[in-house]
file work_26.cif (mmCIF, C-alpha atoms)
data_upload
loop_
_atom_site.label_atom_id
_atom_site.label_comp_id
_atom_site.auth_asym_id
_atom_site.auth_seq_id
_atom_site.Cartn_x
_atom_site.Cartn_y
_atom_site.Cartn_z
CA MET A 1 0.00 0.00 0.00
CA PRO A 2 1.45 3.39 -0.98
CA SER A 3 2.87 5.15 2.04
CA SER A 4 1.49 8.52 0.91
CA LEU A 5 -2.09 7.43 1.51
CA GLU A 6 -3.85 8.95 4.47
CA ASN A 7 -4.40 6.75 7.48
CA PRO A 8 -7.80 7.97 8.69
CA SER A 9 -9.74 6.61 11.63
CA ILE A 10 -13.35 5.58 11.09
CA LYS A 11 -14.26 5.61 14.76
CA HIS A 12 -16.29 8.75 14.15
CA ILE A 13 -18.49 6.69 11.82
CA ASN A 14 -19.43 4.41 14.66
CA ASN A 15 -20.23 7.34 16.96
CA ASP A 16 -22.03 9.70 14.61
CA LYS A 17 -25.41 8.35 13.52
CA ASP A 18 -25.66 10.75 10.60
CA VAL A 19 -22.31 9.74 9.12
CA ALA A 20 -23.05 6.08 9.81
CA THR A 21 -25.98 5.96 7.39
CA LYS A 22 -25.37 3.88 4.31
CA GLU A 23 -25.82 6.78 1.91
CA VAL A 24 -23.26 9.00 3.60
CA LEU A 25 -20.89 6.09 4.11
CA HIS A 26 -21.01 5.37 0.40
CA GLN A 27 -20.31 9.01 -0.38
CA HIS A 28 -17.16 8.82 1.74
CA LEU A 29 -16.21 5.62 -0.05
CA TYR A 30 -16.67 7.02 -3.57
CA GLN A 31 -14.74 10.14 -2.61
CA ALA A 32 -11.84 8.06 -1.30
CA ILE A 33 -11.75 6.02 -4.51
CA ARG A 34 -11.87 9.12 -6.72
CA GLN A 35 -9.00 10.59 -4.74
CA LYS A 36 -7.11 7.27 -4.98
CA ASN A 37 -7.00 7.17 -1.21
CA TYR A 38 -7.11 3.40 -1.23
CA PHE A 39 -6.18 2.94 2.42
CA ARG A 40 -9.25 4.90 3.47
CA ALA A 41 -11.41 3.12 0.90
CA ILE A 42 -10.40 -0.28 2.28
CA GLN A 43 -11.12 0.85 5.82
CA LEU A 44 -14.58 2.00 4.79
CA LEU A 45 -15.25 -1.24 2.94
CA ASP A 46 -14.08 -3.20 5.98
CA TYR A 47 -16.72 -1.37 7.97
CA CYS A 48 -19.37 -1.97 5.30
CA ILE A 49 -18.59 -5.69 5.33
CA ILE A 50 -18.96 -5.81 9.10
CA GLN A 51 -22.37 -4.20 8.74
CA GLU A 52 -23.48 -6.30 5.73
CA PRO A 53 -21.35 -9.46 5.50
CA GLN A 54 -23.66 -11.00 2.89
CA ASN A 55 -23.30 -8.15 0.39
CA PRO A 56 -21.09 -9.41 -2.49
CA ASN A 57 -20.55 -5.91 -3.90
CA TYR A 58 -18.46 -4.86 -0.92
CA TYR A 59 -16.11 -7.82 -1.36
CA SER A 60 -15.90 -7.22 -5.10
CA ASN A 61 -15.13 -3.53 -4.66
CA ARG A 62 -12.51 -4.22 -2.02
CA GLY A 63 -11.01 -6.82 -4.34
CA LEU A 64 -10.75 -4.19 -7.07
CA ILE A 65 -8.89 -1.85 -4.75
CA TYR A 66 -6.53 -4.60 -3.63
CA TYR A 67 -5.94 -5.37 -7.30
CA ARG A 68 -5.09 -1.74 -8.04
CA CYS A 69 -2.66 -1.80 -5.12
CA ASP A 70 -1.04 -4.97 -6.54
CA GLN A 71 -2.14 -6.99 -3.50
CA LEU A 72 -3.28 -9.85 -5.68
CA SER A 73 -3.78 -12.59 -3.08
CA GLN A 74 -6.09 -10.34 -1.04
CA ALA A 75 -7.95 -9.40 -4.22
CA MET A 76 -8.42 -13.04 -5.15
CA THR A 77 -9.75 -13.86 -1.67
CA ASP A 78 -12.34 -11.10 -1.95
CA TYR A 79 -13.40 -12.11 -5.46
CA ASN A 80 -13.83 -15.71 -4.32
CA GLN A 81 -16.00 -14.58 -1.42
CA ALA A 82 -18.06 -12.32 -3.67
CA LEU A 83 -18.73 -15.17 -6.08
CA GLN A 84 -19.73 -17.47 -3.25
CA LEU A 85 -22.38 -14.92 -2.35
CA ASN A 86 -23.39 -14.22 -5.95
CA PRO A 87 -22.24 -16.87 -8.45
CA TYR A 88 -24.09 -15.15 -11.32
CA ALA A 89 -22.24 -11.82 -11.34
CA ASP A 90 -20.45 -11.75 -14.69
CA ARG A 91 -18.43 -8.64 -13.84
CA ILE A 92 -16.90 -10.34 -10.79
CA TYR A 93 -15.78 -13.27 -12.96
CA THR A 94 -14.19 -10.69 -15.27
CA HIS A 95 -12.35 -9.04 -12.37
CA ARG A 96 -11.17 -12.38 -11.01
CA ALA A 97 -9.95 -13.37 -14.46
CA GLN A 98 -7.86 -10.20 -14.63
CA CYS A 99 -6.39 -11.02 -11.24
CA SER A 100 -5.64 -14.59 -12.33
CA THR A 101 -3.93 -13.21 -15.43
CA ALA A 102 -1.74 -10.97 -13.29
CA LEU A 103 -0.84 -14.02 -11.20
CA GLY A 104 0.02 -16.02 -14.33
CA HIS A 105 -2.85 -18.45 -13.85
CA TRP A 106 -3.81 -18.55 -17.53
CA ASN A 107 -6.25 -21.47 -17.52
CA GLU A 108 -8.18 -20.11 -14.54
CA ALA A 109 -8.41 -16.71 -16.22
CA ILE A 110 -9.71 -18.16 -19.49
CA ALA A 111 -12.29 -20.21 -17.59
CA ASP A 112 -13.51 -17.15 -15.69
CA TYR A 113 -13.82 -15.11 -18.87
CA ASP A 114 -15.86 -17.98 -20.33
CA CYS A 115 -18.13 -17.92 -17.26
CA ALA A 116 -18.59 -14.15 -17.54
CA ILE A 117 -19.52 -14.43 -21.22
CA ASP A 118 -21.84 -17.38 -20.62
CA ILE A 119 -23.71 -15.39 -17.99
CA ASN A 120 -23.72 -12.18 -20.02
CA PRO A 121 -22.91 -12.53 -23.74
CA TYR A 122 -22.86 -8.72 -23.97
CA ASN A 123 -19.92 -8.41 -21.56
CA ILE A 124 -17.62 -6.76 -24.07
CA LYS A 125 -14.82 -6.13 -21.59
CA ALA A 126 -14.62 -9.85 -20.84
CA ARG A 127 -14.34 -10.59 -24.56
CA ILE A 128 -11.65 -7.95 -25.06
CA HIS A 129 -9.59 -9.03 -22.05
CA GLN A 130 -9.88 -12.68 -23.04
CA GLY A 131 -8.73 -11.79 -26.55
CA VAL A 132 -5.71 -9.95 -25.16
CA LEU A 133 -4.88 -12.95 -22.98
CA PHE A 134 -5.12 -15.32 -25.96
CA ARG A 135 -2.80 -12.99 -27.86
CA THR A 136 -0.32 -12.98 -24.96
CA LEU A 137 -0.35 -16.78 -25.15
CA GLN A 138 0.20 -16.52 -28.95
CA MET A 139 -3.20 -18.11 -29.56
CA TYR A 140 -3.85 -15.62 -32.32
CA ASP A 141 -6.81 -17.34 -34.01
CA GLU A 142 -8.68 -17.57 -30.71
CA ALA A 143 -7.89 -13.91 -30.01
CA ILE A 144 -9.25 -12.81 -33.40
CA VAL A 145 -12.50 -14.69 -32.73
CA CYS A 146 -12.88 -12.85 -29.41
CA PHE A 147 -12.39 -9.47 -31.07
CA ASP A 148 -14.68 -10.33 -34.00
CA LEU A 149 -17.49 -11.23 -31.61
CA ALA A 150 -16.86 -8.11 -29.55
CA LEU A 151 -17.08 -5.94 -32.68
CA PHE A 152 -20.40 -7.56 -33.54
CA LEU A 153 -21.84 -6.13 -30.31
CA GLY A 154 -21.12 -2.61 -31.51
CA LYS A 155 -19.46 -0.96 -28.49
CA LEU A 156 -15.88 0.09 -27.67
CA SER A 157 -15.11 -0.30 -31.38
CA ALA A 158 -11.94 1.79 -31.34
CA HIS A 159 -10.44 -0.35 -28.58
CA ILE A 160 -11.43 -3.56 -30.33
CA TYR A 161 -10.05 -2.54 -33.72
CA ALA A 162 -6.80 -1.52 -32.02
CA GLU A 163 -6.44 -4.81 -30.16
CA ARG A 164 -7.37 -6.88 -33.19
CA GLY A 165 -4.92 -4.87 -35.27
CA ARG A 166 -2.17 -5.62 -32.76
CA THR A 167 -3.05 -9.30 -32.93
CA TYR A 168 -2.87 -9.29 -36.74
CA GLN A 169 0.46 -7.48 -36.51
CA LEU A 170 2.00 -10.02 -34.16
CA ASP A 171 0.64 -12.86 -36.31
CA GLY A 172 2.31 -11.39 -39.43
CA HIS A 173 -0.84 -10.09 -41.18
CA TRP A 174 0.42 -6.55 -41.60
CA ASN A 175 -2.16 -5.28 -44.12
CA CYS A 176 -4.99 -6.42 -41.86
CA ALA A 177 -3.25 -4.78 -38.92
CA MET A 178 -2.90 -1.44 -40.69
CA GLY A 179 -6.53 -1.58 -41.79
CA ASP A 180 -7.70 -2.09 -38.20
CA TYR A 181 -5.45 0.67 -36.90
CA GLN A 182 -6.90 3.08 -39.48
CA HIS A 183 -10.44 2.07 -38.51
CA ALA A 184 -9.63 2.76 -34.86
CA LEU A 185 -8.05 6.16 -35.60
CA THR A 186 -11.03 7.18 -37.71
CA ILE A 187 -13.38 6.42 -34.81
CA LEU A 188 -11.10 8.31 -32.44
CA THR A 189 -11.30 11.49 -34.51
CA ALA A 190 -14.94 11.77 -33.43
CA SER A 191 -14.42 10.54 -29.86
CA PRO A 192 -10.77 11.13 -28.91
CA ILE A 193 -9.03 8.92 -26.37
CA GLN A 194 -5.47 10.21 -26.18
CA ALA A 195 -3.89 7.19 -24.49
CA LEU A 196 -5.39 4.76 -27.01
CA GLU A 197 -4.43 6.93 -29.97
CA SER A 198 -0.86 7.19 -28.69
CA GLN A 199 -0.65 3.42 -28.29
CA ILE A 200 -1.92 2.87 -31.83
CA GLN A 201 0.66 5.29 -33.21
CA ILE A 202 3.40 3.36 -31.39
CA TRP A 203 2.17 0.09 -32.91
CA ILE A 204 1.99 1.66 -36.38
CA GLY A 205 5.54 2.91 -35.92
CA GLU A 206 6.67 -0.64 -35.13
CA LEU A 207 4.79 -1.92 -38.15
CA ILE A 208 6.37 0.60 -40.51
CA ASP A 209 9.85 -0.04 -39.14
#
call {"tool": "encode", "arguments": {"input": "work_26.cif", "output": "structure tokens"}}
result
Amino acid sequence: MPSSLENPSIKHINNDKDVATKEVLHQHLYQAIRQKNYFRAIQLLDYCIIQEPQNPNYYSNRGLIYYRCDQLSQAMTDYNQALQLNPYADRIYTHRAQCSTALGHWNEAIADYDCAIDINPYNIKARIHQGVLFRTLQMYDEAIVCFDLALFLGKLSAHIYAERGRTYQLDGHWNCAMGDYQHALTILTASPIQALESQIQIWIGELID
């Protein structure tokens, strides 16, 4: 946990009935997350879990924060608990798959992405992340299928074209790669995303070189 994070006490929450209401507690939590004050966010989620131990969202959210702090074992524990409480939450399977990927547990990650997609076929993020994982494992055909299906759903097109283009590039299909990069950049002219555009330009530079 970054040492610069504030180390607040939440005793006042226990003593002040107004602050202890769920609505105000959640406001404190969202503020802490926006400010990237993850230590405070975890403390608040700890308190929420004490109050509502059967609420899977608290475990899932705490798992996300642990993941962002690179505390992967704690994140995995929270995701497991969240899925025990709600085994039909596709987004939690997606988060756990990302954590498994970071841990190098490829098969577990692929299985969790499959679960997420089975529960919610419109979970585009699961399809994109699974495609990127397949590409990392040099399973290029499987990756292309993931991106093709994601494109069919019609959202996050710029991201999908970029990732599919990168897959084509690594698989040696350079014309297809350039075509996808151009599609992505065209979409980004209307809805700019600077980080994505910069990444595409880097990949195009590699392709040209």
call {"tool": "closest_residue", "arguments": {"input": "work_26.cif", "among": "A:Leu29, A:Leu85, A:Ile208, A:Leu44", "to": "Pro56 in chain A", "atoms": "all atoms listed in the file"}}
result
A:Leu85
call {"tool": "atom_distance", "arguments": {"input": "work_26.cif", "atom1": "CA of Gln27 in chain A", "atom2": "CA of Ala97 in chain A"}}
result
28.4 Å
call {"tool": "resolve_selection", "arguments": {"input": "work_26.cif", "expression": "the PyMOL selection byres ((chain A and resi 60-72) around 7)", "output": "PDB file with C-alpha atoms, in the frame of the given file"}}
result
ATOM      1  CA  MET A   1       0.000   0.000   0.000  1.00  0.00           C
ATOM      2  CA  TYR A  38      -7.110   3.400  -1.230  1.00  0.00           C
ATOM      3  CA  ILE A  42     -10.400  -0.280   2.280  1.00  0.00           C
ATOM      4  CA  LEU A  45     -15.250  -1.240   2.940  1.00  0.00           C
ATOM      5  CA  PRO A  56     -21.090  -9.410  -2.490  1.00  0.00           C
ATOM      6  CA  ASN A  57     -20.550  -5.910  -3.900  1.00  0.00           C
ATOM      7  CA  TYR A  58     -18.460  -4.860  -0.920  1.00  0.00           C
ATOM      8  CA  TYR A  59     -16.110  -7.820  -1.360  1.00  0.00           C
ATOM      9  CA  SER A  73      -3.780 -12.590  -3.080  1.00  0.00           C
ATOM     10  CA  GLN A  74      -6.090 -10.340  -1.040  1.00  0.00           C
ATOM     11  CA  ALA A  75      -7.950  -9.400  -4.220  1.00  0.00           C
ATOM     12  CA  MET A  76      -8.420 -13.040  -5.150  1.00  0.00           C
ATOM     13  CA  ASP A  78     -12.340 -11.100  -1.950  1.00  0.00           C
ATOM     14  CA  TYR A  79     -13.400 -12.110  -5.460  1.00  0.00           C
ATOM     15  CA  ALA A  82     -18.060 -12.320  -3.670  1.00  0.00           C
ATOM     16  CA  ILE A  92     -16.900 -10.340 -10.790  1.00  0.00           C
ATOM     17  CA  CYS A  99      -6.390 -11.020 -11.240  1.00  0.00           C
TER      18      CYS A  99
END
call {"tool": "closest_residue", "arguments": {"input": "work_26.cif", "among": "A:Gln54, A:Gln43, A:Gln194, A:Thr101", "to": "Gln81 in chain A", "atoms": "all atoms listed in the file"}}
result
A:Gln54
call {"tool": "resolve_selection", "arguments": {"input": "work_26.cif", "expression": "the PyMOL selection byres ((chain A and resi 164) around 10)", "output": "list of chain:residue names"}}
result
A:Ile128, A:Gly131, A:Val132, A:Arg135, A:Tyr140, A:Ala143, A:Ile144, A:Val145, A:Cys146, A:Phe147, A:Asp148, A:Leu151, A:Ala158, A:His159, A:Ile160, A:Tyr161, A:Ala162, A:Glu163, A:Gly165, A:Arg166, A:Thr167, A:Tyr168, A:Gln169, A:Leu170, A:Cys176, A:Ala177, A:Asp180, A:Tyr181
call {"tool": "closest_residue", "arguments": {"input": "work_26.cif", "among": "A:Leu103, A:Met139, A:Cys115, A:Ile200", "to": "Tyr88 in chain A", "atoms": "all atoms listed in the file"}}
result
A:Cys115
call {"tool": "atom_distance", "arguments": {"input": "work_26.cif", "atom1": "CA of Leu185 in chain A", "atom2": "CA of Gln138 in chain A"}}
result
25.0 Å
call {"tool": "axis_aligned_box", "arguments": {"input": "work_26.cif", "around": "range 50-57 of chain A", "padding_each_side": "3 Å", "output": "AutoDock Vina command-line options"}}
result
--center_x -21.3 --center_y -7.6 --center_z 2.6 --size_x 10.7 --size_y 12.8 --size_z 19.0
call {"tool": "atom_distance", "arguments": {"input": "work_26.cif", "atom1": "CA of Ala102 in chain A", "atom2": "CA of Gln84 in chain A"}}
result
21.6 Å
call {"tool": "closest_residue", "arguments": {"input": "work_26.cif", "among": "A:Thr94, A:Tyr30, A:Thr189, A:Lys22", "to": "Ile49 in chain A", "atoms": "only C-alpha atoms"}}
result
A:Lys22
call {"tool": "resolve_selection", "arguments": {"input": "work_26.cif", "expression": "the PyMOL selection byres ((chain A and resi 121) around 12)", "output": "PyMOL selection string"}}
result
chain A and resi 90-91+113-120+122-127+146+149-150+152-153
call {"tool": "decode", "arguments": {"input": "work_26.cif", "residues": "range 120-138 of chain A", "atoms": "C-alpha atoms", "output": "JSON list (two decimals), in the first residue's frame"}}
result
[["chain", "number", "residue", "atom", "x", "y", "z"],
["A", 120, "ASN", "CA", -23.72, -12.18, -20.02],
["A", 121, "PRO", "CA", -22.91, -12.53, -23.74],
["A", 122, "TYR", "CA", -22.86, -8.72, -23.97],
["A", 123, "ASN", "CA", -19.92, -8.41, -21.56],
["A", 124, "ILE", "CA", -17.62, -6.76, -24.07],
["A", 125, "LYS", "CA", -14.82, -6.13, -21.59],
["A", 126, "ALA", "CA", -14.62, -9.85, -20.84],
["A", 127, "ARG", "CA", -14.34, -10.59, -24.56],
["A", 128, "ILE", "CA", -11.65, -7.95, -25.06],
["A", 129, "HIS", "CA", -9.59, -9.03, -22.05],
["A", 130, "GLN", "CA", -9.88, -12.68, -23.04],
["A", 131, "GLY", "CA", -8.73, -11.79, -26.55],
["A", 132, "VAL", "CA", -5.71, -9.95, -25.16],
["A", 133, "LEU", "CA", -4.88, -12.95, -22.98],
["A", 134, "PHE", "CA", -5.12, -15.32, -25.96],
["A", 135, "ARG", "CA", -2.80, -12.99, -27.86],
["A", 136, "THR", "CA", -0.32, -12.98, -24.96],
["A", 137, "LEU", "CA", -0.35, -16.78, -25.15],
["A", 138, "GLN", "CA", 0.20, -16.52, -28.95]]
